[in-house]
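Participant: What follows is input_5.txt; its format and atoms are compact mmCIF, C-alpha atoms.
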# COMPACT_ATOMS: atom_id res chain seq x y z
CA MET I 1 -18.99 6.64 32.98
CA VAL I 2 -16.68 8.86 30.88
CA ASP I 3 -15.51 12.05 32.57
CA ALA I 4 -15.18 15.40 30.78
CA ASP I 5 -11.44 15.12 30.23
CA GLU I 6 -11.75 11.68 28.62
CA GLY I 7 -14.55 12.93 26.40
CA ALA I 8 -12.51 15.92 25.31
CA ASP I 9 -9.51 13.72 24.54
CA GLU I 10 -11.63 11.39 22.44
CA LYS I 11 -13.07 14.36 20.54
CA GLN I 12 -9.55 15.64 19.80
CA ARG I 13 -8.43 12.20 18.59
CA SER I 14 -11.46 11.92 16.30
CA LEU I 15 -10.79 15.39 14.92
CA ALA I 16 -7.14 14.50 14.24
CA ILE I 17 -8.20 11.32 12.42
CA ARG I 18 -10.56 13.24 10.13
CA VAL I 19 -7.94 15.92 9.44
CA ARG I 20 -5.36 13.26 8.52
CA ARG I 21 -7.88 11.59 6.26
CA ALA I 22 -8.77 14.85 4.50
CA ILE I 23 -5.11 15.81 4.00
CA GLY I 24 -4.14 12.35 2.76
CA THR I 25 -6.99 12.09 0.29
CA ALA I 26 -6.33 15.59 -1.06
CA GLY I 27 -2.74 14.55 -1.77
CA ILE I 28 -1.17 17.48 0.07
CA ASN I 29 2.00 16.94 2.09
CA HIS I 30 2.13 17.96 5.73
CA SER I 31 4.81 20.60 5.19
CA GLU I 32 2.63 22.33 2.62
CA VAL I 33 -0.37 22.22 4.94
CA ALA I 34 1.63 23.67 7.83
CA ARG I 35 2.97 26.46 5.63
CA SER I 36 -0.51 27.26 4.28
CA ILE I 37 -2.13 27.55 7.71
CA GLY I 38 0.80 29.48 9.16
CA ILE I 39 2.24 27.09 11.76
CA GLU I 40 5.43 25.10 12.17
CA PRO I 41 5.38 21.52 10.80
CA SER I 42 6.19 20.24 14.29
CA LYS I 43 3.02 21.86 15.65
CA LEU I 44 0.94 20.26 12.91
CA SER I 45 2.49 16.88 13.73
CA LYS I 46 1.58 17.30 17.39
CA SER I 47 -2.00 18.21 16.49
CA LEU I 48 -2.29 15.19 14.19
CA ALA I 49 -0.95 13.00 16.98
CA GLY I 50 -3.55 14.42 19.39
CA THR I 51 -1.07 16.16 21.71
CA ARG I 52 -1.91 19.71 20.59
CA LYS I 53 -5.34 21.20 19.97
CA PHE I 54 -6.15 22.67 16.56
CA ARG I 55 -7.15 26.34 16.57
CA VAL I 56 -10.46 27.30 14.98
CA GLU I 57 -8.76 29.25 12.20
CA GLU I 58 -6.48 26.29 11.46
CA ILE I 59 -9.44 23.95 11.01
CA SER I 60 -11.10 26.49 8.72
CA ARG I 61 -8.01 26.79 6.54
CA ILE I 62 -7.49 23.02 6.40
CA ALA I 63 -11.10 22.61 5.27
CA GLU I 64 -10.45 25.06 2.43
CA LEU I 65 -7.21 23.35 1.41
CA THR I 66 -8.69 19.84 1.39
CA GLU I 67 -12.08 20.87 -0.02
CA VAL I 68 -14.22 19.48 2.80
CA THR I 69 -16.52 21.29 5.19
CA THR I 70 -15.52 22.49 8.63
CA ASP I 71 -18.65 20.78 9.94
CA TRP I 72 -17.40 17.38 8.81
CA LEU I 73 -13.91 18.00 10.21
CA THR I 74 -15.19 19.06 13.62
CA SER I 75 -18.18 16.75 14.02
CA GLY I 76 -17.99 13.98 11.42
CA ARG I 77 -21.76 14.11 11.12
CA THR I 78 -21.80 13.02 7.48
CA ALA I 79 -20.80 9.53 6.38
CA GLN I 80 -18.18 10.88 3.96
CA PRO I 81 -16.37 14.23 3.79
CA PRO I 82 -18.81 16.35 1.75
CA ARG I 83 -17.59 18.35 -1.21
CA ARG I 84 -17.21 22.09 -0.71
CA ARG I 85 -18.14 22.68 -4.36
CA ILE I 86 -20.49 20.75 -6.62
CA VAL I 87 -18.71 19.12 -9.56
CA SER I 88 -21.15 19.18 -12.45
CA ASP I 89 -19.51 16.49 -14.53
CA PHE I 90 -18.79 14.10 -11.70
CA HIS I 91 -21.57 11.61 -12.35
CA GLN I 92 -20.52 11.14 -15.97
CA GLU I 93 -16.83 10.77 -15.15
CA ASN I 94 -17.49 8.35 -12.32
CA GLN I 95 -19.10 5.89 -14.74
CA ALA I 96 -15.62 4.59 -15.62
CA HIS I 97 -13.46 2.84 -13.04
CA GLU I 98 -10.75 5.38 -12.25
CA ALA I 99 -8.26 2.71 -11.29
CA LYS I 100 -7.64 2.22 -15.05
CA VAL I 101 -6.07 4.90 -17.24
CA PRO I 102 -4.72 4.67 -20.80
CA GLY I 103 -1.27 3.11 -21.01
CA VAL I 104 -0.96 1.97 -17.41
CA THR I 105 -2.92 0.03 -14.83
CA VAL I 106 -2.88 2.11 -11.68
CA ALA I 107 -2.03 -0.03 -8.69
CA VAL I 108 -5.10 0.29 -6.54
CA THR I 109 -5.27 -2.73 -4.25
CA THR I 110 -8.32 -3.42 -2.14
CA ALA I 111 -8.22 -4.61 1.44
CA GLU I 112 -9.68 -7.93 0.34
CA GLU I 113 -6.92 -8.43 -2.26
CA HIS I 114 -4.12 -7.53 0.12
CA PRO I 115 -5.07 -7.21 3.81
CA GLY I 116 -3.19 -4.33 5.36
CA LEU I 117 -3.06 -2.13 2.27
CA ARG I 118 -5.42 0.79 2.10
CA SER I 119 -8.36 0.93 -0.29
CA GLU I 120 -8.64 3.79 -2.73
CA PRO I 121 -10.76 6.50 -1.11
CA ASP I 122 -14.29 7.08 -2.34
CA SER I 123 -14.04 9.72 -5.09
CA THR I 124 -17.70 10.75 -4.92
CA TRP I 125 -16.97 13.72 -2.66
CA MET I 126 -13.74 14.84 -4.37
CA SER I 127 -13.50 17.87 -6.64
CA LYS I 128 -12.47 17.28 -10.25
CA GLY I 129 -9.09 18.84 -9.52
CA THR I 130 -8.44 16.50 -6.60
CA ARG I 131 -9.41 13.45 -8.63
CA ASN I 132 -7.16 14.50 -11.52
CA ARG I 133 -4.30 15.13 -9.12
CA ARG I 134 -4.65 11.65 -7.62
CA LYS I 135 -4.82 10.09 -11.09
CA ILE I 136 -1.55 11.82 -12.04
CA VAL I 137 0.17 10.71 -8.84
CA ALA I 138 -0.97 7.10 -9.18
CA ALA I 139 0.32 6.91 -12.76
CA ALA I 140 3.65 8.58 -11.88
CA TRP I 141 4.06 6.28 -8.86
CA GLU I 142 3.84 3.14 -10.97
CA LEU I 143 6.13 4.52 -13.68
CA TYR I 144 8.74 5.67 -11.15
CA ALA I 145 8.73 2.27 -9.48
CA ASP I 146 8.92 0.19 -12.67
CA ARG I 147 11.13 2.30 -14.95
CA GLY I 148 13.18 4.35 -12.50
CA ILE I 149 12.57 7.91 -11.36
CA ASP I 150 15.27 9.46 -13.56
CA LYS I 151 13.96 7.74 -16.70
CA VAL I 152 10.37 9.01 -16.45
CA ARG I 153 9.47 12.22 -18.31
CA THR I 154 6.44 14.45 -17.90
CA GLU I 155 5.25 13.20 -21.29
CA ASP I 156 5.32 9.63 -20.00
CA VAL I 157 3.14 10.51 -17.01
CA ALA I 158 0.73 12.46 -19.23
CA ARG I 159 0.39 9.52 -21.63
CA ALA I 160 -0.12 7.07 -18.76
CA CYS I 161 -2.94 9.02 -17.12
CA GLY I 162 -4.58 10.28 -20.31
CA MET I 163 -3.91 13.97 -19.72
CA THR I 164 -1.81 16.66 -21.37
CA THR I 165 1.63 17.75 -20.22
CA SER I 166 0.10 21.16 -19.48
CA ALA I 167 -2.34 19.51 -17.06
CA ILE I 168 0.53 17.72 -15.33
CA ASN I 169 2.49 20.97 -15.00
CA TYR I 170 -0.61 22.76 -13.70
CA HIS I 171 -0.90 20.38 -10.75
CA PHE I 172 2.85 19.83 -10.24
CA ARG I 173 5.15 22.65 -11.30
CA THR I 174 8.32 20.58 -10.83
CA LYS I 175 9.30 16.94 -10.91
CA THR I 176 10.36 17.30 -7.28
CA GLN I 177 6.78 18.13 -6.31
CA LEU I 178 5.44 15.13 -8.22
CA LEU I 179 8.02 12.84 -6.67
CA GLN I 180 7.08 14.02 -3.20
CA ALA I 181 3.44 13.27 -3.99
CA ALA I 182 4.46 9.82 -5.23
CA LEU I 183 6.33 9.19 -1.99
CA ARG I 184 3.23 10.15 -0.03
CA TYR I 185 1.19 7.83 -2.24
CA SER I 186 3.52 4.99 -1.21
CA LEU I 187 2.99 6.01 2.39
CA GLU I 188 -0.79 5.87 1.94
CA ILE I 189 -0.66 2.47 0.24
CA ILE I 190 1.49 0.78 2.86
CA GLY I 191 0.26 2.58 5.96
CA GLY I 192 -3.07 4.22 5.23
CA THR I 193 -5.29 1.60 6.79
CA ARG I 194 -7.74 2.67 9.45
CA GLU I 195 -6.03 0.25 11.83
CA LEU I 196 -2.84 2.32 11.71
CA ARG I 197 -4.49 5.74 11.78
CA ASP I 198 -7.04 4.86 14.45
CA PRO I 199 -5.86 1.59 16.05
CA ALA I 200 -8.49 -0.18 18.15
CA ASP I 201 -5.82 -2.80 18.93
CA PRO I 202 -2.33 -1.25 18.59
CA VAL I 203 -0.49 -4.58 18.97
CA ALA I 204 -2.60 -6.26 16.29
CA ALA I 205 -2.08 -3.19 14.07
CA LEU I 206 1.71 -3.45 14.41
CA ARG I 207 1.71 -7.19 13.71
CA HIS I 208 -0.61 -6.82 10.74
CA PHE I 209 1.50 -4.01 9.36
CA ALA I 210 4.66 -6.08 9.85
CA LYS I 211 3.14 -8.92 7.84
CA VAL I 212 2.49 -6.56 4.93
CA HIS I 213 6.16 -5.57 4.96
CA ALA I 214 7.31 -9.19 5.25
CA GLY I 215 5.62 -10.22 2.00
CA VAL I 216 6.78 -8.78 -1.32
CA ASP I 217 4.06 -8.73 -3.99
CA ASP I 218 4.01 -6.30 -6.94
CA THR I 219 2.39 -3.51 -4.94
CA VAL I 220 4.77 -3.74 -1.98
CA ARG I 221 7.72 -4.11 -4.37
CA ARG I 222 6.78 -0.82 -6.01
CA VAL I 223 6.52 0.87 -2.62
CA TRP I 224 10.04 -0.23 -1.75
CA SER I 225 11.33 0.68 -5.22
CA ILE I 226 10.23 4.31 -4.74
CA TRP I 227 11.75 4.51 -1.26
CA ILE I 228 15.05 2.87 -2.21
CA GLN I 229 15.53 5.12 -5.23
CA SER I 230 14.76 8.18 -3.10
CA TRP I 231 17.17 7.11 -0.35
CA SER I 232 19.91 6.66 -2.92
CA ALA I 233 19.35 10.10 -4.47
CA ALA I 234 19.08 11.76 -1.05
CA ALA I 235 22.68 10.78 -0.28
CA SER I 236 23.95 13.41 -2.74
CA ASP I 237 21.02 15.71 -3.56
CA GLU I 238 19.76 18.29 -1.07
CA HIS I 239 16.33 18.74 -2.69
CA THR I 240 15.67 15.01 -2.65
CA ARG I 241 16.85 14.81 0.95
CA LEU I 242 14.45 17.56 2.06
CA ASN I 243 11.65 15.97 0.04
CA LEU I 244 12.25 12.57 1.60
CA THR I 245 12.58 13.97 5.12
CA ALA I 246 9.20 15.71 4.88
CA VAL I 247 7.41 12.53 3.83
CA TYR I 248 9.32 10.25 6.19
CA THR I 249 8.34 12.53 9.09
CA GLU I 250 4.70 11.76 8.27
CA TRP I 251 5.53 8.05 8.36
CA LEU I 252 7.15 8.42 11.78
CA ASP I 253 4.12 10.38 13.00
CA MET I 254 1.85 7.53 11.93
CA ILE I 255 3.89 4.90 13.76
CA THR I 256 4.15 7.20 16.78
CA GLY I 257 0.35 7.29 16.98
CA VAL I 258 0.18 3.49 17.13
CA ILE I 259 2.93 3.28 19.76
CA LEU I 260 1.29 5.98 21.93
CA ALA I 261 -2.06 4.18 21.69
CA GLY I 262 -0.43 0.95 22.87
CA GLN I 263 1.38 2.74 25.69
CA ARG I 264 -1.89 4.24 26.91
CA GLU I 265 -3.50 0.79 27.19
CA GLY I 266 -0.39 -0.90 28.58
CA THR I 267 0.33 -3.27 25.69
CA ILE I 268 3.42 -1.41 24.43
CA ARG I 269 6.38 -0.50 26.61
CA THR I 270 6.70 2.99 28.00
CA GLY I 271 9.94 4.93 27.98
CA ASN I 272 11.59 6.87 25.18
CA THR I 273 8.77 6.75 22.62
CA ALA I 274 10.78 8.55 19.94
CA LEU I 275 13.60 6.01 20.25
CA ILE I 276 11.15 3.08 20.08
CA VAL I 277 9.66 4.52 16.89
CA LYS I 278 13.03 5.20 15.26
CA SER I 279 14.39 1.76 16.13
CA LEU I 280 11.29 -0.02 14.82
CA SER I 281 11.35 2.02 11.59
CA ILE I 282 15.03 1.24 11.00
CA PHE I 283 14.39 -2.48 11.54
CA ILE I 284 11.41 -2.50 9.15
CA ASP I 285 13.34 -0.52 6.53
CA GLY I 286 16.28 -2.90 6.67
CA LEU I 287 14.10 -5.97 6.33
CA GLY I 288 12.10 -4.35 3.52
CA VAL I 289 15.23 -3.50 1.54
CA ALA I 290 16.69 -6.98 2.02
CA ARG I 291 13.52 -8.71 0.84
CA SER I 292 12.56 -6.38 -2.01
CA THR I 293 16.07 -6.36 -3.54
CA ALA I 294 16.70 -10.06 -2.77
CA GLN I 295 20.16 -9.08 -1.57
CA MET I 296 20.03 -12.04 0.80
CA PRO I 297 17.72 -15.10 0.92
CA VAL I 298 15.03 -14.49 3.54
CA THR I 299 11.96 -16.74 3.50
CA ASP I 300 8.50 -15.64 4.58
CA ASP I 301 8.76 -17.69 7.78
CA GLU I 302 12.17 -16.24 8.58
CA ALA I 303 10.92 -12.71 8.04
CA MET I 304 7.93 -13.23 10.32
CA THR I 305 10.12 -14.79 13.00
CA MET I 306 12.50 -11.82 12.86
CA LEU I 307 9.63 -9.36 13.15
CA GLU I 308 7.97 -11.16 16.05
CA ASP I 309 11.28 -11.53 17.87
CA TYR I 310 11.98 -7.83 17.47
CA LEU I 311 8.54 -6.76 18.71
CA THR I 312 8.83 -9.11 21.68
CA ALA I 313 12.32 -7.98 22.63
CA HIS I 314 11.95 -4.23 22.13
CA VAL I 315 8.33 -3.06 21.77
CA LEU I 316 5.65 -5.17 23.46
CA THR I 317 5.01 -5.63 27.16
CA LYS I 318 5.54 -9.21 28.29
CA PRO I 319 1.88 -10.36 28.47
CA HIS I 320 1.46 -9.35 24.83
CA SER I 321 4.57 -10.90 23.33
CA GLN I 322 5.01 -14.39 21.89
CA GLU I 323 1.89 -15.96 23.39
CA GLU I 324 -0.33 -13.72 21.26
CA GLY I 325 1.76 -14.01 18.12
CA THR I 326 0.11 -15.12 14.89
Mind turning the file's structure into structure tokens?
Facilitator:
Amino acid sequence: MVDADEGADEKQRSLAIRVRRAIGTAGINHSEVARSIGIEPSKLSKSLAGTRKFRVEEISRIAELTEVTTDWLTSGRTAQPPRRRIVSDFHQENQAHEAKVPGVTVAVTTAEEHPGLRSEPDSTWMSKGTRNRRKIVAAAWELYADRGIDKVRTEDVARACGMTTSAINYHFRTKTQLLQAALRYSLEIIGGTRELRDPADPVAALRHFAKVHAGVDDTVRRVWSIWIQSWSAAASDEHTRLNLTAVYTEWLDMITGVILAGQREGTIRTGNTALIVKSLSIFIDGLGVARSTAQMPVTDDEAMTMLEDYLTAHVLTKPHSQEEGT
């Protein structure tokens, strides 16, 4: 039997999951959402982590920003977030596979092709503007990763996604805004799985996520390329540093959710949760840089051993350490 408090907590967690999903699919960064609904980014992070309740007016404004209904956000009664406005030309446009655009193959990897990477969200409920925005970001993301951020012009992005430069500038007024969206796109690709956002088994989610980082295919290489370039620029550029901090905070929030879920069920150590999250993130970043840049020879087996040893020594409770490793 579930008591009232447990039921209320579950309702808040479900609400937070749907809000994160709506924000992520709309391609809006958390700082922008917080500013638009009139709260501090830290308060939004707490609400998304389930430790602060959303106000009614905040839910209403988030629904407007992400173009979903408040009914779906609060109840989840429909199978997919319904569109707030009907897009008349959607059915014609959806005939073509939107993972392909002229001049570039957008890196949309399915869960079957690469377990642990998120699938592209269903576009049937998106507005035309949201779909165009995501197409721009996906094209820019691949160009930034392959050519280098500083070498990519607005004209290159426009050509890659089959739009005009005016359309690019309409959605992203500056290159800084587009880069921030590309960073968030990397975050969605590497960490947007349901297992991370709503972990039924937090330990399995961490291990699965670690395996994705341990292997370096083209998609993961591009993710690391964007991050490494941004880290380098952030060392001397204030705008890049602020941009990177905003997106990285979302990444830390995501990992925090998994750690908190594991602490609640006793599979992850209690204590200084923030320090656990920071330490784990630093370890993953270091391993990811080493493998993606090939600065030192690290085999797949060595990488997995390092990850499992770290989780065992610093994150997992003893009954869930090596004996459950895969």
Participant: Tell me which protein, DNA and RNA residues are within 12 Å of segment 288-294 of chain I, counting only C-alpha atoms, leaving out same-chain ones fewer than 4 positions away, and put them as a ChimeraX atom specification.
Facilitator: /I:190,210-229,231,281-284,298-300,302-304,306-307
Participant: To one decimal place, how far is atom CA of Ser166 of chain I from atom CA of Leu178 of chain I in Å?
Facilitator: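 Taking atom CA of Ser166 of chain I as the start and atom CA of Leu178 of chain I as the end point, the length is 13.8 Å.
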Participant: Just want the 7 Å neighbourhood of segment 261-272 of chain I, counted on all atoms listed in the file, with same-chain residues fewer than 4 positions away dropped. Output as an MDAnalysis selection string.
Facilitator: chainID I and resid 202:203 257 276 315:317 320
Participant: Rank I:Arg52, I:Arg133, I:Lys46, I:Arg18 by their smallest atom-to-atom distance to Thr70 of chain I, using all atoms listed in the file, and report the top residue only.
Facilitator: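 Under the stated criterion, the closest residue is I:Arg18.
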Participant: Rank nothing, just name the residue among I:Asp201, I:Met163, I:Ile149, I:Gln295 nearest to Thr240 of chain I, using all atoms listed in the file.
Facilitator: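 Using all atoms listed in the file, the shortest distance to Thr240 of chain I belongs to I:Ile149.
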Participant: Compare I:Gly76, I:Gly162, I:Gly129, I:Pro41 by their minimum atom-to-atom distance to Thr245 of chain I, counting only C-alpha atoms, and give me the closest one.
Facilitator: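 Counting only C-alpha atoms, the residue closest to Thr245 of chain I is I:Pro41.
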Participant: With all atoms listed in the file as the atoms that count, which of I:His208, I:Lys43, I:Arg159, I:Arg131 lies nearest to Glu67 of chain I?
Facilitator: I:Arg131
Participant: Provide the atom CA of Ala160 of chain I to atom CA of Val137 of chain I distance in Å, to one decimal place.
Facilitator: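 Computed distance, atom CA of Ala160 of chain I to atom CA of Val137 of chain I, equals 10.6 Å.
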Participant: So, counting all atoms listed in the file, which residue among I:Ser75, I:Thr154, I:Ser186, I:Thr273 is closest to Arg173 of chain I?
Facilitator: I:Thr154
Participant: Suppose you want the space between atom CA of Ile28 of chain I and atom CA of Leu179 of chain I; what is it in Å?
Facilitator: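 If I compute the distance from atom CA of Ile28 of chain I to atom CA of Leu179 of chain I, I get 12.3 Å.
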Participant: Hey, what's within 10 Å of Ala181 of chain I if we count only C-alpha atoms and toss same-chain stuff fewer than 5 positions away? As a list in words, please?
Facilitator: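 The residues that qualify are Gly27, Ile28, Asn29, Arg133, Arg134, Ile136, Val137, Ala138, Ala140, Trp141, Phe172, Lys175, Thr176, Ser186, Leu187, Asn243 and Val247 of chain I.
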Participant: Taking all atoms of segment 64-78 of chain I that appear in the file, build a box with edges along x, y and z, extend it by 8 Å on every side, and state its centre and edge lengths in Å to one decimal, as JSON.
Facilitator:
{"center_x": -14.5, "center_y": 19.0, "center_z": 7.0, "size_x": 30.6, "size_y": 28.0, "size_z": 30.0}
Participant: With all atoms listed in the file as the basis for distance, which of I:Ser230, I:Ser36, I:Ser45, I:Thr249 is at the shortest distance from Glu58 of chain I?
Facilitator: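 Using all atoms listed in the file, Glu58 of chain I sits closest to I:Ser36.
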Participant: Could you give me, as a list in words, the residues within 12 Å of Arg55 of chain I, counting all atoms listed in the file and dropping anything in the same chain fewer than 5 positions from it?
Facilitator: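 That gives Gln12, Leu15, Ile37, Gly38, Ile39, Lys43, Leu44, Ser47, Ser60, Arg61, Ile62 and Thr74 of chain I.
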